[in-house]
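Raw model13.cif, mmCIF, C-alpha atoms:
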```cif
data_structure
#
loop_
_atom_site.label_atom_id
_atom_site.label_comp_id
_atom_site.auth_asym_id
_atom_site.auth_seq_id
_atom_site.Cartn_x
_atom_site.Cartn_y
_atom_site.Cartn_z
CA MET A 1 13.09 -4.74 0.05
CA LEU A 2 12.44 -3.06 3.38
CA GLY A 3 9.17 -4.24 4.89
CA ALA A 4 7.24 -3.58 8.07
CA ALA A 5 9.12 -1.73 10.78
CA ALA A 6 8.38 -1.97 14.50
CA ALA A 7 10.12 -0.29 17.42
CA ARG A 8 12.23 -3.39 18.12
CA GLU A 9 12.19 -5.31 14.82
CA VAL A 10 12.35 -4.76 11.08
CA CYS A 11 11.59 -7.19 8.27
CA ILE A 12 13.77 -7.23 5.14
CA TRP A 13 12.57 -9.22 2.12
CA VAL A 14 15.13 -10.86 -0.18
CA GLN A 15 14.80 -12.89 -3.36
CA THR A 16 17.62 -14.78 -5.07
CA ARG A 17 17.87 -16.40 -8.50
CA GLN A 18 18.72 -19.83 -7.10
CA ARG A 19 19.16 -21.61 -3.77
CA ALA A 20 21.36 -19.47 -1.55
CA SER A 21 22.31 -18.76 2.05
CA LEU A 22 21.54 -15.26 3.36
CA ARG A 23 22.61 -13.18 6.31
CA ILE A 24 22.36 -9.47 7.06
CA ALA A 25 24.73 -7.30 9.10
CA TYR A 26 23.25 -4.13 10.57
CA TRP A 27 24.31 -1.22 12.79
CA ASP A 28 23.01 1.96 14.37
CA THR A 29 24.35 4.77 12.16
CA ALA A 30 25.16 6.75 15.32
CA PHE A 31 27.46 3.90 16.48
CA PRO A 32 28.70 2.25 13.26
CA ALA A 33 31.49 0.27 14.92
CA GLN A 34 29.04 -2.01 16.74
CA ARG A 35 27.43 -4.52 14.41
CA TRP A 36 24.78 -7.19 14.79
CA TRP A 37 23.84 -10.13 12.59
CA SER A 38 20.51 -11.59 11.57
CA ASP A 39 19.91 -15.31 11.72
CA SER A 40 20.84 -17.18 8.57
CA ALA A 41 18.20 -18.15 6.03
CA VAL A 42 18.24 -20.34 2.94
CA THR A 43 16.08 -19.54 -0.09
CA GLU A 44 14.28 -22.51 -1.66
CA PRO A 45 12.41 -23.03 -4.96
CA THR A 46 9.19 -23.86 -3.08
CA THR A 47 9.00 -20.25 -1.88
CA GLY A 48 10.18 -18.64 -5.11
CA TYR A 49 13.65 -18.25 -3.56
CA THR A 50 12.29 -15.57 -1.21
CA ALA A 51 13.10 -14.99 2.46
CA HIS A 52 11.86 -12.67 5.20
CA MET A 53 14.84 -11.64 7.32
CA ARG A 54 13.96 -10.41 10.83
CA LEU A 55 16.39 -7.90 12.34
CA ASP A 56 15.79 -7.59 16.08
CA GLY A 57 17.32 -5.95 19.13
CA LEU A 58 16.55 -2.51 17.69
CA LEU A 59 15.65 0.77 19.40
CA PRO A 60 12.74 3.04 18.39
CA GLY A 61 13.30 6.18 16.36
CA ARG A 62 16.74 5.16 15.09
CA VAL A 63 18.34 4.93 11.64
CA TYR A 64 20.33 1.80 10.87
CA GLY A 65 22.65 0.79 8.07
CA TYR A 66 22.66 -2.76 6.74
CA GLN A 67 24.56 -5.04 4.37
CA LEU A 68 23.40 -8.23 2.67
CA PHE A 69 25.66 -11.29 2.54
CA LEU A 70 24.94 -13.93 -0.10
CA ASN A 71 26.64 -17.31 0.41
CA GLY A 72 29.01 -15.58 2.80
CA GLU A 73 30.00 -12.82 0.38
CA PRO A 74 28.92 -9.16 0.75
CA VAL A 75 26.61 -7.80 -1.95
CA SER A 76 27.37 -4.27 -3.13
CA PHE A 77 24.74 -1.67 -4.08
CA PRO A 78 25.21 1.71 -5.82
CA TYR A 79 23.36 3.52 -3.01
CA PRO A 80 23.54 3.44 0.79
CA LEU A 81 21.29 0.91 2.50
CA ARG A 82 19.35 2.34 5.43
CA PHE A 83 16.27 1.43 7.42
CA ARG A 84 14.54 3.15 10.31
CA THR A 85 12.38 2.24 13.25
CA PRO A 86 9.19 4.13 14.11
CA PRO A 87 9.66 6.85 16.73
CA LEU A 88 7.82 6.53 20.01
CA TRP A 89 4.75 8.73 20.38
CA GLN A 90 2.01 8.89 22.97
CA PRO A 91 -0.85 11.40 22.95
CA GLY A 92 -0.06 14.32 25.21
CA SER A 93 3.38 13.07 26.24
CA SER A 94 5.54 14.15 23.30
CA GLU A 95 5.47 16.02 20.03
CA PRO A 96 4.56 13.79 17.07
CA PRO A 97 7.31 13.15 14.50
CA ASN A 98 7.25 14.44 10.95
CA PHE A 99 7.35 11.75 8.28
CA ARG A 100 6.61 11.17 4.59
CA LEU A 101 4.57 8.45 2.91
CA ALA A 102 4.53 7.67 -0.83
CA VAL A 103 1.36 6.11 -2.25
CA GLY A 104 0.39 4.66 -5.63
CA SER A 105 -1.41 1.80 -7.37
CA CYS A 106 -1.65 -0.02 -10.69
CA ALA A 107 1.91 -1.02 -11.57
CA TYR A 108 1.84 -2.85 -14.91
CA ILE A 109 5.19 -4.16 -16.16
CA ASN A 110 5.26 -5.25 -19.79
CA ASP A 111 6.22 -8.84 -20.61
CA SER A 112 7.07 -9.81 -24.18
CA LEU A 113 6.42 -13.49 -23.42
CA THR A 114 2.77 -13.02 -22.45
CA ASP A 115 1.56 -9.65 -23.78
CA ARG A 116 0.12 -9.48 -27.27
CA MET A 117 -1.02 -5.85 -27.32
CA GLU A 118 -0.14 -3.62 -30.26
CA HIS A 119 0.76 -0.80 -27.87
CA PRO A 120 2.44 -1.64 -24.55
CA TYR A 121 0.04 -1.18 -21.63
CA GLY A 122 2.81 -0.35 -19.16
CA GLY A 123 5.49 2.31 -19.30
CA GLU A 124 7.43 5.16 -17.70
CA TYR A 125 9.12 2.91 -15.14
CA ARG A 126 11.26 5.91 -14.19
CA ILE A 127 8.41 6.77 -11.81
CA PHE A 128 9.97 4.41 -9.26
CA GLU A 129 13.23 6.34 -9.44
CA SER A 130 11.29 9.59 -9.03
CA ILE A 131 9.66 8.26 -5.87
CA ALA A 132 12.99 7.08 -4.46
CA SER A 133 14.62 10.47 -5.15
CA LEU A 134 12.11 12.16 -2.79
CA GLN A 135 13.30 9.85 0.02
CA PRO A 136 9.97 8.98 1.67
CA ASP A 137 10.10 7.07 4.92
CA LEU A 138 7.36 4.66 3.83
CA MET A 139 5.48 3.57 0.73
CA LEU A 140 1.94 2.19 0.68
CA TRP A 141 0.98 0.21 -2.42
CA LEU A 142 -2.79 0.52 -2.97
CA GLY A 143 -3.44 -2.59 -5.08
CA ASP A 144 -2.86 -3.94 -8.59
CA ASN A 145 0.78 -3.94 -7.54
CA VAL A 146 1.39 -6.60 -10.17
CA TYR A 147 -0.94 -7.67 -12.97
CA PHE A 148 -1.54 -11.41 -13.16
CA ARG A 149 -2.02 -12.58 -16.75
CA GLN A 150 -4.00 -15.60 -17.91
CA THR A 151 -0.76 -17.57 -17.67
CA ASP A 152 -0.42 -16.68 -13.97
CA TRP A 153 -3.64 -16.67 -11.95
CA ASP A 154 -4.45 -20.39 -12.10
CA SER A 155 -1.28 -21.64 -10.37
CA ARG A 156 1.16 -20.84 -7.60
CA THR A 157 4.00 -21.17 -10.12
CA GLY A 158 2.40 -18.54 -12.37
CA MET A 159 1.79 -16.08 -9.55
CA ILE A 160 5.36 -16.40 -8.28
CA ALA A 161 6.68 -15.97 -11.82
CA ARG A 162 4.72 -12.72 -12.26
CA TYR A 163 5.93 -11.23 -9.00
CA THR A 164 9.50 -12.29 -9.78
CA HIS A 165 9.36 -10.74 -13.24
CA ASP A 166 8.01 -7.42 -12.00
CA ARG A 167 10.24 -7.13 -8.92
CA SER A 168 13.31 -7.56 -11.12
CA ILE A 169 13.14 -4.36 -13.18
CA PRO A 170 16.20 -2.13 -12.58
CA GLU A 171 14.21 1.07 -12.02
CA LEU A 172 12.55 -0.41 -8.93
CA GLN A 173 15.60 -1.58 -7.00
CA ARG A 174 16.63 1.58 -5.15
CA LEU A 175 13.06 2.25 -4.03
CA LEU A 176 12.68 -1.30 -2.71
CA ALA A 177 15.94 -1.25 -0.76
CA THR A 178 15.71 2.18 0.86
CA VAL A 179 12.01 2.73 1.74
CA HIS A 180 9.75 0.68 4.03
CA HIS A 181 6.94 -0.92 2.01
CA TYR A 182 3.39 -1.93 2.96
CA ALA A 183 0.69 -3.20 0.59
CA ILE A 184 -2.92 -4.14 0.00
CA TRP A 185 -4.23 -5.86 -3.10
CA ASP A 186 -6.99 -5.34 -5.65
CA ASP A 187 -8.25 -7.62 -8.41
CA HIS A 188 -5.18 -7.92 -10.65
CA ASP A 189 -2.77 -9.03 -7.92
CA TYR A 190 -5.48 -11.27 -6.43
CA GLY A 191 -6.80 -13.03 -9.52
CA PRO A 192 -8.56 -12.28 -12.83
CA ASN A 193 -10.15 -8.93 -13.63
CA ASP A 194 -12.98 -8.00 -11.19
CA SER A 195 -12.43 -11.21 -9.24
CA ASP A 196 -14.27 -11.88 -5.98
CA ARG A 197 -14.68 -14.42 -3.14
CA SER A 198 -15.50 -17.18 -5.64
CA PHE A 199 -11.96 -17.13 -7.09
CA LEU A 200 -10.80 -20.73 -6.84
CA HIS A 201 -7.16 -19.90 -6.11
CA LYS A 202 -7.66 -17.10 -3.59
CA HIS A 203 -5.82 -18.96 -0.83
CA THR A 204 -2.90 -19.49 -3.18
CA ALA A 205 -2.95 -15.79 -4.04
CA ARG A 206 -2.84 -14.97 -0.33
CA ASP A 207 0.10 -17.33 0.22
CA VAL A 208 2.04 -15.73 -2.63
CA PHE A 209 1.17 -12.24 -1.38
CA GLN A 210 2.73 -13.26 1.94
CA LEU A 211 5.87 -14.43 0.17
CA PHE A 212 6.39 -11.12 -1.63
CA TRP A 213 5.22 -8.55 0.93
CA CYS A 214 6.59 -8.03 4.44
CA ASN A 215 3.37 -6.73 6.04
CA PRO A 216 2.95 -6.82 9.85
CA THR A 217 0.18 -9.47 9.66
CA TYR A 218 -2.15 -11.05 7.08
CA GLY A 219 -5.89 -11.22 7.72
CA ILE A 220 -8.11 -10.69 10.75
CA ASP A 221 -6.88 -13.03 13.51
CA GLY A 222 -4.88 -14.78 10.78
CA GLU A 223 -8.02 -16.20 9.15
CA GLY A 224 -8.08 -15.41 5.44
CA GLY A 225 -7.48 -12.25 3.49
CA ILE A 226 -4.66 -9.72 3.84
CA THR A 227 -6.22 -7.16 6.22
CA THR A 228 -3.68 -5.54 8.56
CA ALA A 229 -2.73 -2.30 10.28
CA PHE A 230 0.35 -0.39 11.37
CA SER A 231 1.28 2.85 13.09
CA TRP A 232 3.87 5.49 12.42
CA GLY A 233 4.09 8.49 14.72
CA ASP A 234 0.60 9.90 15.27
CA ALA A 235 -0.94 8.08 12.30
CA ASP A 236 -2.67 4.71 12.37
CA PHE A 237 -3.07 2.95 9.02
CA PHE A 238 -5.87 0.43 8.43
CA LEU A 239 -5.17 -1.72 5.36
CA LEU A 240 -8.35 -3.37 4.08
CA ASP A 241 -9.04 -6.35 1.82
CA ASP A 242 -11.72 -5.68 -0.82
CA ARG A 243 -11.46 -9.06 -2.59
CA PHE A 244 -11.31 -12.09 -0.28
CA TRP A 245 -14.90 -11.71 1.04
CA ARG A 246 -16.32 -9.73 -1.89
CA THR A 247 -19.56 -10.94 -3.47
CA PRO A 248 -19.79 -11.07 -7.28
CA ASN A 249 -20.49 -7.66 -8.81
CA ARG A 250 -23.56 -9.01 -10.65
CA LEU A 251 -25.05 -10.82 -7.66
CA ARG A 252 -28.80 -10.18 -7.36
CA GLY A 253 -30.01 -12.81 -4.88
CA GLU A 254 -28.56 -11.28 -1.70
CA ARG A 255 -26.95 -8.15 -0.26
CA ARG A 256 -23.62 -7.45 -1.94
CA THR A 257 -20.46 -6.80 0.05
CA LEU A 258 -16.85 -5.77 -0.51
CA LEU A 259 -15.42 -6.08 2.99
CA GLY A 260 -17.80 -8.45 4.73
CA THR A 261 -19.34 -8.18 8.19
CA ARG A 262 -16.34 -9.43 10.14
CA GLN A 263 -13.91 -7.03 8.51
CA LEU A 264 -16.31 -4.11 8.93
CA HIS A 265 -16.69 -4.86 12.64
CA TRP A 266 -12.92 -5.12 13.05
CA LEU A 267 -12.46 -1.77 11.31
CA ARG A 268 -15.07 -0.13 13.52
CA ASP A 269 -13.50 -1.44 16.71
CA ALA A 270 -9.97 -0.56 15.59
CA LEU A 271 -10.96 2.99 14.64
CA ILE A 272 -12.76 3.54 17.94
CA SER A 273 -9.76 2.23 19.88
CA SER A 274 -7.26 4.38 17.98
CA ARG A 275 -5.89 7.44 19.78
CA ALA A 276 -3.92 8.61 16.75
CA THR A 277 -4.30 12.08 15.25
CA TRP A 278 -4.70 10.56 11.78
CA LYS A 279 -6.67 7.44 10.94
CA ILE A 280 -5.82 6.43 7.38
CA ILE A 281 -8.09 3.85 5.73
CA ALA A 282 -6.57 2.18 2.66
CA LEU A 283 -8.89 0.42 0.22
CA GLY A 284 -8.33 -1.03 -3.23
CA GLY A 285 -11.31 0.77 -4.84
CA GLN A 286 -13.08 4.09 -4.41
CA LEU A 287 -15.36 4.57 -1.41
CA LEU A 288 -16.72 8.14 -1.58
CA ASN A 289 -17.31 8.54 -5.32
CA PRO A 290 -21.12 8.12 -5.62
CA VAL A 291 -21.06 7.39 -9.37
CA PRO A 292 -22.05 3.73 -9.99
CA ALA A 293 -19.30 3.15 -12.53
CA PHE A 294 -16.84 0.28 -12.95
CA GLU A 295 -15.84 -0.99 -9.48
CA THR A 296 -16.70 1.93 -7.25
CA TYR A 297 -18.17 0.96 -3.89
CA ALA A 298 -21.40 2.71 -4.96
CA ASN A 299 -21.68 0.37 -7.93
CA CYS A 300 -20.65 -2.94 -6.37
CA ALA A 301 -21.98 -2.83 -2.80
CA PRO A 302 -24.06 0.31 -2.22
CA GLU A 303 -25.74 -0.96 0.96
CA GLU A 304 -22.45 -1.83 2.63
CA ARG A 305 -21.01 1.52 1.54
CA GLU A 306 -23.83 3.30 3.35
CA GLU A 307 -23.28 1.10 6.40
CA LEU A 308 -19.60 2.04 6.50
CA LEU A 309 -20.27 5.76 6.08
CA HIS A 310 -23.01 5.60 8.72
CA MET A 311 -20.61 3.91 11.14
CA LEU A 312 -18.01 6.67 10.68
CA GLU A 313 -20.73 9.25 11.31
CA GLN A 314 -22.39 7.47 14.23
CA GLU A 315 -19.14 6.83 16.11
CA ARG A 316 -17.96 10.41 15.43
CA ILE A 317 -14.44 9.22 14.63
CA SER A 318 -11.97 12.05 14.13
CA GLY A 319 -9.04 12.35 11.73
CA VAL A 320 -10.24 9.89 9.07
CA VAL A 321 -8.67 10.15 5.60
CA ILE A 322 -9.26 7.51 2.90
CA LEU A 323 -6.69 6.31 0.36
CA SER A 324 -7.69 4.26 -2.70
CA GLY A 325 -6.41 3.12 -6.08
CA ASP A 326 -7.78 1.07 -9.02
CA ARG A 327 -9.22 3.81 -11.25
CA HIS A 328 -6.23 4.67 -13.48
CA PHE A 329 -6.63 8.33 -12.61
CA THR A 330 -6.03 10.45 -9.53
CA GLU A 331 -8.49 12.75 -7.77
CA LEU A 332 -9.28 14.17 -4.35
CA SER A 333 -12.92 13.75 -3.27
CA ARG A 334 -14.63 15.62 -0.44
CA LEU A 335 -17.90 14.46 1.16
CA GLU A 336 -19.71 17.10 3.22
CA ARG A 337 -21.33 15.70 6.37
CA PRO A 338 -23.72 18.08 8.19
CA GLY A 339 -22.77 18.36 11.85
CA LEU A 340 -19.42 16.64 11.25
CA TYR A 341 -16.23 17.41 9.40
CA PRO A 342 -15.92 16.69 5.65
CA LEU A 343 -14.55 13.30 4.69
CA TYR A 344 -11.67 13.23 2.18
CA GLU A 345 -10.58 10.42 -0.15
CA LEU A 346 -7.39 10.56 -2.18
CA THR A 347 -7.45 8.17 -5.14
CA VAL A 348 -3.96 7.65 -6.65
CA SER A 349 -3.52 5.72 -9.90
CA PRO A 350 -1.78 4.60 -12.10
CA LEU A 351 1.93 4.12 -11.44
CA THR A 352 2.92 2.43 -14.71
CA ALA A 353 -0.34 1.08 -16.20
CA SER A 354 -2.07 3.10 -18.92
CA PRO A 355 -4.17 6.03 -17.61
CA PHE A 356 -7.93 6.28 -18.11
CA ALA A 357 -8.12 9.24 -20.47
CA ALA A 358 -11.92 9.52 -20.28
CA ALA A 359 -11.95 10.12 -16.53
CA ALA A 360 -12.85 13.78 -17.05
CA GLN A 361 -16.24 12.66 -18.38
CA GLU A 362 -17.08 10.76 -15.19
CA PRO A 363 -19.31 13.13 -13.18
CA ASN A 364 -17.99 12.60 -9.65
CA PRO A 365 -19.71 15.50 -7.83
CA LEU A 366 -17.30 15.16 -4.89
CA ARG A 367 -14.14 15.73 -6.95
CA LEU A 368 -12.29 18.87 -5.91
CA PRO A 369 -11.36 21.19 -8.81
CA GLN A 370 -7.90 20.89 -10.32
CA THR A 371 -7.18 17.53 -8.65
CA LEU A 372 -7.95 15.20 -11.57
CA VAL A 373 -4.80 13.65 -13.08
CA THR A 374 -4.95 11.45 -16.18
CA GLU A 375 -1.27 10.63 -16.59
CA ARG A 376 0.98 8.22 -14.68
CA ASN A 377 1.53 9.61 -11.20
CA PHE A 378 2.12 9.04 -7.50
CA ALA A 379 1.44 11.00 -4.32
CA LEU A 380 3.61 12.01 -1.38
CA LEU A 381 1.86 12.56 1.94
CA GLU A 382 3.83 14.56 4.49
CA PHE A 383 2.70 14.63 8.13
CA THR A 384 4.12 17.71 9.85
CA GLY A 385 3.71 20.29 12.58
CA PRO A 386 3.36 20.43 16.36
CA SER A 387 0.59 18.57 18.15
CA THR A 388 -1.44 21.80 18.31
CA ASP A 389 -1.35 22.23 14.51
CA ARG A 390 -0.75 18.93 12.75
CA ALA A 391 -1.04 19.07 8.97
CA LEU A 392 -1.18 16.54 6.16
CA HIS A 393 0.37 17.94 2.99
CA ILE A 394 -0.71 16.05 -0.15
CA ARG A 395 1.48 16.46 -3.24
CA VAL A 396 0.89 14.63 -6.52
CA TYR A 397 3.76 14.14 -8.98
CA ASN A 398 4.01 12.78 -12.52
CA SER A 399 6.40 10.01 -13.53
CA ALA A 400 9.24 12.50 -14.07
CA GLY A 401 8.85 13.79 -10.51
CA ASN A 402 7.24 17.10 -11.48
CA LEU A 403 4.69 18.49 -9.03
CA LEU A 404 1.14 18.49 -10.49
CA TRP A 405 -0.91 19.78 -7.53
CA GLU A 406 -0.86 20.04 -3.75
CA ARG A 407 -3.38 20.47 -0.94
CA THR A 408 -3.13 20.64 2.86
CA LEU A 409 -5.52 19.07 5.36
CA ARG A 410 -5.32 20.16 9.00
CA ALA A 411 -6.07 17.82 11.86
CA ALA A 412 -8.02 20.57 13.63
CA GLU A 413 -10.48 20.59 10.72
CA LEU A 414 -11.07 16.82 10.87
CA ARG A 415 -12.77 16.65 14.24
CA PRO A 416 -16.51 16.28 15.00
#
```

Would you write out, as structure tokens, the structure that this file holds?
Amino acid sequence: MLGAAAAREVCIWVQTRQRASLRIAYWDTAFPAQRWWSDSAVTEPTTGYTAHMRLDGLLPGRVYGYQLFLNGEPVSFPYPLRFRTPPLWQPGSSEPPNFRLAVGSCAYINDSLTDRMEHPYGGEYRIFESIASLQPDLMLWLGDNVYFRQTDWDSRTGMIARYTHDRSIPELQRLLATVHHYAIWDDHDYGPNDSDRSFLHKHTARDVFQLFWCNPTYGIDGEGGITTAFSWGDADFFLLDDRFWRTPNRLRGERRTLLGTRQLHWLRDALISSRATWKIIALGGQLLNPVPAFETYANCAPEEREELLHMLEQERISGVVILSGDRHFTELSRLERPGLYPLYELTVSPLTASPFAAAAQEPNPLRLPQTLVTERNFALLEFTGPSTDRALHIRVYNSAGNLLWERTLRAAELRP
């Protein structure tokens, strides 16, 4: 799996079935005769036979080919293996690059050894092939990327087994190997349903998350959680953790929180410091939806939600777009803010879990007409245009890759 990409370095994640020696050869596709090699790595049972391979000595804005060697032998794939480095961009000095980002959440993979449901909860795994066929540059997984079962969430062994099971499905392989992946988590890939900061094994869950995702960093200053950020072109992405510091949903004795004070302050400072055209905030659950239902921010931590929205208004931060998952339906919400630009949130869910058929009865007053989707789906976000007219094209597709709806947001309209 391709992971985080920087101008000079790319991370490639590999998992083997047993102890093995790994090495990767790579080359600039413009000069294929010159090849470089990664350092060697050995996969061990203590890490679920996973390895993070760091390919360095790269140049920004280039496309590279690569080949995996397992115990000294080349591994063949039925598709070309490519990765890319982010192009250089500075405000006012160059035109921003066009790029495409796939987003989705809630990927449930059936397991006959643990599932006892009459009707399978997961399905339509072809959705991963549909995403890969559109050739996005990046994919952002918005939480519930695996679903821990009762057999999994109380041990490191169980968590590793669940990730290993789900990563192994054939439909997923091309997408993993040809698109750069970033991720946040929500409750099901953190612990039990609706789990919070009291979850006994949250540090184990974080360790396993680090084994299976190649994010740039994990947590604020490396202290707990999986918060991180990355940039691509003229977009800065802020990946938040809505579980590690979250108070219990039924807490009554004190102010409830999803993100916690430290993470909120980090987000504020990072947004203010950003000079990017687009500032994309990724969160496991819905932020804008004011309906106090299930695990919306309005239901679980209404005071902190207001604090976050007030901060965005007070600091007059431009170009903010919110991405969220969790809800098992997709919708685009728009919050009008007098004296400022409207705030948009795209909720995208589910990938392969069962959809929430009753979503149409939930009275979200911010939902834009014709954007509700109650079948398995994903979204493709395309950032295009010159610096004077940057646009974000949002397209939502079903599992077969058929277009369901599209909207365009313009950067010029997202300024105070």

Work out how far atom CA of A:Gly3 is from atom CA of A:Ser133, in Å to one decimal.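 A separation of 18.6 Å between them.
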
So the first atom is atom CA of A:His393 and the second is atom CA of A:Leu335; what is the distance between them in Å, to one decimal place?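 Going from atom CA of A:His393 over to atom CA of A:Leu335, I get 18.7 Å.
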
Might you spell out which residues the PyMOL selection byres ((chain A and resi 271) around 12) would select in the displayed file, as an NGL selection string? :A and (229 or 235-239 or 264-270 or 272-281 or 308 or 311-312 or 315-321)

Selection: 8 Å around A:Asp39, all atoms listed in the file, excl. self and same-chain fewer than 2 positions, as a PDB file with C-alpha atoms, in the coordinates of the input:
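Result written to result.pdb:
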```pdb
ATOM      1  CA  ARG A  23      22.610 -13.180   6.310  1.00  0.00           C
ATOM      2  CA  ILE A  24      22.360  -9.470   7.060  1.00  0.00           C
ATOM      3  CA  TRP A  37      23.840 -10.130  12.590  1.00  0.00           C
ATOM      4  CA  ALA A  41      18.200 -18.150   6.030  1.00  0.00           C
ATOM      5  CA  MET A  53      14.840 -11.640   7.320  1.00  0.00           C
ATOM      6  CA  ARG A  54      13.960 -10.410  10.830  1.00  0.00           C
TER       7      ARG A  54
END
```

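The coordinates place atom CA of A:Val373 at 17.7 Å from atom CA of A:Thr296.
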
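For the point (-3.4, 16.6, 2.2) in file coordinates, the residues within 6 Å, using all atoms listed in the file, are Leu392, His393, Ile394, Arg407, Thr408 and Leu409 of chain A.
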
Selection from above, C-alpha atoms, as a short mmCIF file (atom, residue, chain, number, x, y, z; two decimals), in the coordinates of the input, can you write it?
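Output file again04.cif follows:
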```cif
data_model
loop_
_atom_site.label_atom_id
_atom_site.label_comp_id
_atom_site.auth_asym_id
_atom_site.auth_seq_id
_atom_site.Cartn_x
_atom_site.Cartn_y
_atom_site.Cartn_z
CA LEU A 392 -1.18 16.54 6.16
CA HIS A 393 0.37 17.94 2.99
CA ILE A 394 -0.71 16.05 -0.15
CA ARG A 407 -3.38 20.47 -0.94
CA THR A 408 -3.13 20.64 2.86
CA LEU A 409 -5.52 19.07 5.36
#
```

Which is closest to A:Arg126 among A:His181, A:Arg174, A:Arg334, A:Arg395, if we use all atoms listed in the file?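 Ranked by minimum distance to A:Arg126, first place goes to A:Arg174.
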
Please enumerate the residues selected by the PyMOL selection byres ((chain A and resi 77) around 12) when evaluated against the supplied file, formatted as a list of chain:residue names.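 Against this file, the PyMOL selection byres ((chain A and resi 77) around 12) returns the residues A:Tyr66, A:Gln67, A:Leu68, A:Phe69, A:Pro74, A:Val75, A:Ser76, A:Pro78, A:Tyr79, A:Pro80, A:Leu81, A:Arg82, A:Gln173, A:Arg174, A:Ala177, A:Thr178.
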
Hey, which of A:Gln361, A:Thr247, A:Gln150, A:Ser387 ends up closest to A:Leu259? Count all atoms listed in the file. A:Thr247

Please expand the PyMOL selection byres ((chain A and resi 187) around 12) into the concrete residues it hits in this file, giving the result as number ranges by chain. A: 105-106, 142-149, 153, 184-186, 188-197, 199, 202, 205, 241-244, 246, 258, 283-285, 295, 325-327

Which residues are near A:Leu288? Cut-off 12 Å, all atoms listed in the file, ignore same chain within fewer than 5 positions. Put them as a PyMOL selection string. chain A and resi 283+296-299+302+305-306+308-309+321-324+331-337+342-347+364-367

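Those residues that approach A:His119 to within 12 Å, counting only C-alpha atoms, are A:Asn110, A:Ser112, A:Asp115, A:Gly123, A:Ala353, A:Ser354; same-chain residues fewer than 4 positions away are not listed.
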
Rank nothing, just name the residue among A:Leu172, A:Leu351, A:Leu287, A:Cys214 nearest to A:Glu303, using only C-alpha atoms. A:Leu287

Taking all atoms listed in the file into account, name the residue in A:Arg116, A:His328, A:Arg262, A:His165 that is nearest to A:Gln286. A:His328

Using only C-alpha atoms, which residue out of A:Val208, A:Ala102, A:Ala132, A:Ala379 lies closest to A:Ile160?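 The answer is A:Val208, which sits nearest to A:Ile160.
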
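Residues lying within 9 Å of (-2.7, 14.3, -17.1). Counted over only C-alpha atoms, they are A:Phe329, A:Pro355, A:Ala357, A:Leu372, A:Val373, A:Thr374, A:Glu375, A:Arg376, A:Asn377, A:Asn398, A:Leu404.
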
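Candidate residues A:Thr330, A:Asn215, A:Ser93, A:Gln314 were compared for distance to A:Met1, and the nearest is A:Asn215, using all atoms listed in the file.
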